[in-house]
Amino acid sequence: MGRLAHVAILLLTLLPAPALAQLRSVELYAPRPFGHVIGDTLTLTAEIALDAPFVLDPATLPQPRALDYWLDLRDVRLSDHGIEAGVRRYTLDLVYQTFYAPLEPRRLDIPALALSAVDGTRRVPVQVPAWSFLMSPLREIVGTGPGQALALRPDLPPQPIPTAPAWRGLVTALTVALAALGVLAWQMGWGPFGRRRSRPFARAARAVTSLLAASTDVTSNAYRGALLALHRAFDSTAGKGVFAEDLPAFFAGHPAFGTAEAEVRRLFSASRRAFFGDDTAGALKELPPPELAALARRLRSIERSGA
């Protein structure tokens with residue numbers, strides 16, 4: 001009789017084992033357990049391993065809500081990693097937020113979480129353990145007894161940011177930009193660079209624009225002055241006086257200006273009328289002031305292109 005009782009007790013002890021064997025492990029990963037203040041969020045991660053074919057019952061997962069006057073469950077995220085070697089693994093992320101404002105450092109507890117795993121009609125409890133942490137006050141704590149007040153640790157002093165490399169880079173960039181602007185101004189004949197000897201057509205274009213824009217009714221003297229300014233540019237470019245019969249030699253020596261040969265010949269023809277034929281009115285008809293100004297700008301552009 002004693003032997004039968006012993007066997008019965010042994011069988012009763014072994015009966016829960018198959019059910020308990022369905023839960024392999026629950027491992028909890030938490031942030032640091034100290035130094036938290038009001039408003040902080042705390043993320044607890046539980047790694048759960050179950051024997052297949054058991055799965056977590058989604059109906060037992062908690063819903064985001066206020067758990068206490070000082071603690072909210074803000075988010076619940078469950079990730080199923082599938083089955084490997086007969087074991088199904090889950091990752092459960094629980095995001096809490098604390099609203100407790102302690103007057104002194106105080107330890108608080110996040111309660112355990114009761115879940116379930118199911119396989120058809122079988123059900124196994126899965127317990128996510130509780131976790132405790134230390135809350136810190138936002139102000140110094142005034143002691144009631146003798147001695148100094150308990151003070152918070154001072155903030156870390158800000159680390160100086162080295163600015164010398166940034167300043168060197170800025171100065172280098174500005175120097176390069178100014179040098180590039182100077183080269184561009186020299187090439188385009190802007191400002192004082194437009195008056196140098198190597199840009200006679202740039203000077204002539206400014207003179208033509210000034211003379212022809214002085215009045216809406218262009219006078220004979222203004223028109224003749226504009227013609228003369230362009231002729232001086234041809235003379236300066238060629239290094240000698242250039243007349244109509246010298247144009248073939250001029251274009252041979254300065255082929256870039258050949259693209260404007262027709263307009264240049266009209267210029268010399270109009271100049272012959274104005275200066276040698278005393279027929280400024282005919283010159284104005286042959287080469288009107290707007291076309292004369294356009295020719296001056298075109299010759300300046302050819303000159304800038306490196307002709």
# chains A, B, ... in the order shown; residues from 1 in each chain; ligands from 1

$ residues_around --residues "Gly120 in chain A" --least-positions-apart "3" --cutoff "10 Å" --atoms "only C-alpha atoms" --output "count of residues only"
5

$ residues_around --residues "Asp40 in chain A" --least-positions-apart "2" --cutoff "7 Å" --atoms "only C-alpha atoms" --output "ChimeraX atom specification"
/A:36-38,42,97-98

$ write_last_selection --atoms "all heavy atoms" --output "mmCIF file, in the first residue's frame"
data_model
loop_
_atom_site.group_PDB
_atom_site.id
_atom_site.type_symbol
_atom_site.label_atom_id
_atom_site.label_comp_id
_atom_site.auth_asym_id
_atom_site.auth_seq_id
_atom_site.Cartn_x
_atom_site.Cartn_y
_atom_site.Cartn_z
ATOM 1 N N HIS A 36 15.818 58.363 -13.753
ATOM 2 C CA HIS A 36 14.656 58.727 -14.551
ATOM 3 C C HIS A 36 13.877 59.841 -13.853
ATOM 4 O O HIS A 36 13.791 59.887 -12.624
ATOM 5 C CB HIS A 36 13.757 57.507 -14.769
ATOM 6 C CG HIS A 36 14.432 56.413 -15.524
ATOM 7 N ND1 HIS A 36 14.694 56.483 -16.879
ATOM 8 C CD2 HIS A 36 14.932 55.209 -15.111
ATOM 9 C CE1 HIS A 36 15.304 55.373 -17.271
ATOM 10 N NE2 HIS A 36 15.467 54.585 -16.213
ATOM 11 N N VAL A 37 13.300 60.747 -14.670
ATOM 12 C CA VAL A 37 12.540 61.879 -14.146
ATOM 13 C C VAL A 37 11.161 61.877 -14.777
ATOM 14 O O VAL A 37 10.864 61.107 -15.694
ATOM 15 C CB VAL A 37 13.270 63.214 -14.412
ATOM 16 C CG1 VAL A 37 14.597 63.258 -13.682
ATOM 17 C CG2 VAL A 37 13.476 63.420 -15.902
ATOM 18 N N ILE A 38 10.314 62.784 -14.307
ATOM 19 C CA ILE A 38 8.939 62.862 -14.772
ATOM 20 C C ILE A 38 8.898 63.102 -16.283
ATOM 21 O O ILE A 38 9.652 63.907 -16.823
ATOM 22 C CB ILE A 38 8.178 63.987 -14.024
ATOM 23 C CG1 ILE A 38 6.724 64.041 -14.475
ATOM 24 C CG2 ILE A 38 8.864 65.332 -14.203
ATOM 25 C CD1 ILE A 38 5.867 64.971 -13.646
ATOM 26 N N LEU A 42 9.983 54.616 -20.891
ATOM 27 C CA LEU A 42 10.779 53.427 -20.571
ATOM 28 C C LEU A 42 10.304 52.290 -21.471
ATOM 29 O O LEU A 42 9.112 51.986 -21.518
ATOM 30 C CB LEU A 42 10.599 53.040 -19.097
ATOM 31 C CG LEU A 42 10.760 54.173 -18.070
ATOM 32 C CD1 LEU A 42 10.303 53.716 -16.706
ATOM 33 C CD2 LEU A 42 12.211 54.628 -18.028
ATOM 34 N N GLN A 97 5.335 55.314 -19.903
ATOM 35 C CA GLN A 97 5.720 56.694 -19.601
ATOM 36 C C GLN A 97 5.324 57.001 -18.168
ATOM 37 O O GLN A 97 4.203 56.705 -17.741
ATOM 38 C CB GLN A 97 5.046 57.690 -20.547
ATOM 39 C CG GLN A 97 5.558 59.119 -20.358
ATOM 40 C CD GLN A 97 5.069 60.069 -21.427
ATOM 41 O OE1 GLN A 97 4.085 59.795 -22.099
ATOM 42 N NE2 GLN A 97 5.754 61.189 -21.591
ATOM 43 N N THR A 98 6.269 57.590 -17.430
ATOM 44 C CA THR A 98 6.036 57.872 -16.018
ATOM 45 C C THR A 98 5.749 59.357 -15.823
ATOM 46 O O THR A 98 6.382 60.215 -16.459
ATOM 47 C CB THR A 98 7.238 57.454 -15.173
ATOM 48 O OG1 THR A 98 7.041 57.889 -13.833
ATOM 49 C CG2 THR A 98 8.532 58.056 -15.698
#

$ closest_residue --among "A:Thr121, A:Ser136, A:Ser25, A:Thr172" --to "Leu108 in chain A" --atoms "only C-alpha atoms"
A:Ser136

$ atom_distance --atom1 "CA of Leu73 in chain A" --atom2 "CA of Ala59 in chain A"
16.6 Å

$ residues_around --residues "Tyr90 in chain A" --least-positions-apart "4" --cutoff "9 Å" --atoms "only C-alpha atoms" --output "PyMOL selection string"
chain A and resi 46-50+56+78-82

$ select_by_dssp --residues "range 248-290 of chain A" --states "alpha helix (DSSP H)" --output "ChimeraX atom specification"
/A:248-253,261-271,280-286,289-290

$ closest_residue --among "A:Ala274, A:Val176, A:Ala238, A:Val208" --to "Glu291 in chain A" --atoms "only C-alpha atoms"
A:Val208

$ atom_distance --atom1 "CA of Ala30 in chain A" --atom2 "CA of Asp68 in chain A"
19.9 Å

$ atom_distance --atom1 "CA of Asp278 in chain A" --atom2 "CA of Asn221 in chain A"
12.0 Å

$ closest_residue --among "A:Ala249, A:Leu178, A:Leu67, A:Ala52" --to "Val118 in chain A" --atoms "only C-alpha atoms"
A:Ala52

$ residues_around --residues "Arg232 in chain A" --least-positions-apart "6" --cutoff "10 Å" --atoms "only C-alpha atoms" --output "ChimeraX atom specification"
/A:200-201,203-204,238,240-242

$ write_last_selection --atoms "N, CA, C and O atoms" --output "PDB file, in the first residue's frame"
ATOM      1  N   PRO A 200      39.294  97.515 -76.192  1.00  0.00           N
ATOM      2  CA  PRO A 200      38.840  98.782 -76.802  1.00  0.00           C
ATOM      3  C   PRO A 200      37.366  98.752 -77.194  1.00  0.00           C
ATOM      4  O   PRO A 200      36.685  99.776 -77.136  1.00  0.00           O
ATOM      5  N   PHE A 201      36.857  97.603 -77.620  1.00  0.00           N
ATOM      6  CA  PHE A 201      35.447  97.553 -78.015  1.00  0.00           C
ATOM      7  C   PHE A 201      34.516  97.652 -76.806  1.00  0.00           C
ATOM      8  O   PHE A 201      33.375  98.106 -76.955  1.00  0.00           O
ATOM      9  N   ARG A 203      35.161  99.672 -74.236  1.00  0.00           N
ATOM     10  CA  ARG A 203      35.079 101.120 -74.041  1.00  0.00           C
ATOM     11  C   ARG A 203      34.192 101.757 -75.098  1.00  0.00           C
ATOM     12  O   ARG A 203      33.384 102.653 -74.806  1.00  0.00           O
ATOM     13  N   ALA A 204      34.319 101.294 -76.344  1.00  0.00           N
ATOM     14  CA  ALA A 204      33.519 101.859 -77.421  1.00  0.00           C
ATOM     15  C   ALA A 204      32.032 101.594 -77.206  1.00  0.00           C
ATOM     16  O   ALA A 204      31.189 102.462 -77.465  1.00  0.00           O
ATOM     17  N   ALA A 238      43.685  96.870 -84.196  1.00  0.00           N
ATOM     18  CA  ALA A 238      44.628  96.557 -85.270  1.00  0.00           C
ATOM     19  C   ALA A 238      46.006  97.152 -85.035  1.00  0.00           C
ATOM     20  O   ALA A 238      46.987  96.726 -85.665  1.00  0.00           O
ATOM     21  N   LYS A 240      46.760 100.214 -85.791  1.00  0.00           N
ATOM     22  CA  LYS A 240      46.959 101.221 -86.838  1.00  0.00           C
ATOM     23  C   LYS A 240      45.577 101.649 -87.321  1.00  0.00           C
ATOM     24  O   LYS A 240      44.555 101.058 -86.942  1.00  0.00           O
ATOM     25  N   GLY A 241      45.548 102.701 -88.149  1.00  0.00           N
ATOM     26  CA  GLY A 241      44.282 103.159 -88.690  1.00  0.00           C
ATOM     27  C   GLY A 241      43.675 102.129 -89.639  1.00  0.00           C
ATOM     28  O   GLY A 241      44.374 101.533 -90.464  1.00  0.00           O
ATOM     29  N   VAL A 242      42.388 101.920 -89.531  1.00  0.00           N
ATOM     30  CA  VAL A 242      41.688 100.938 -90.353  1.00  0.00           C
ATOM     31  C   VAL A 242      40.639 101.684 -91.190  1.00  0.00           C
ATOM     32  O   VAL A 242      39.759 102.356 -90.635  1.00  0.00           O
TER      33      VAL A 242
END
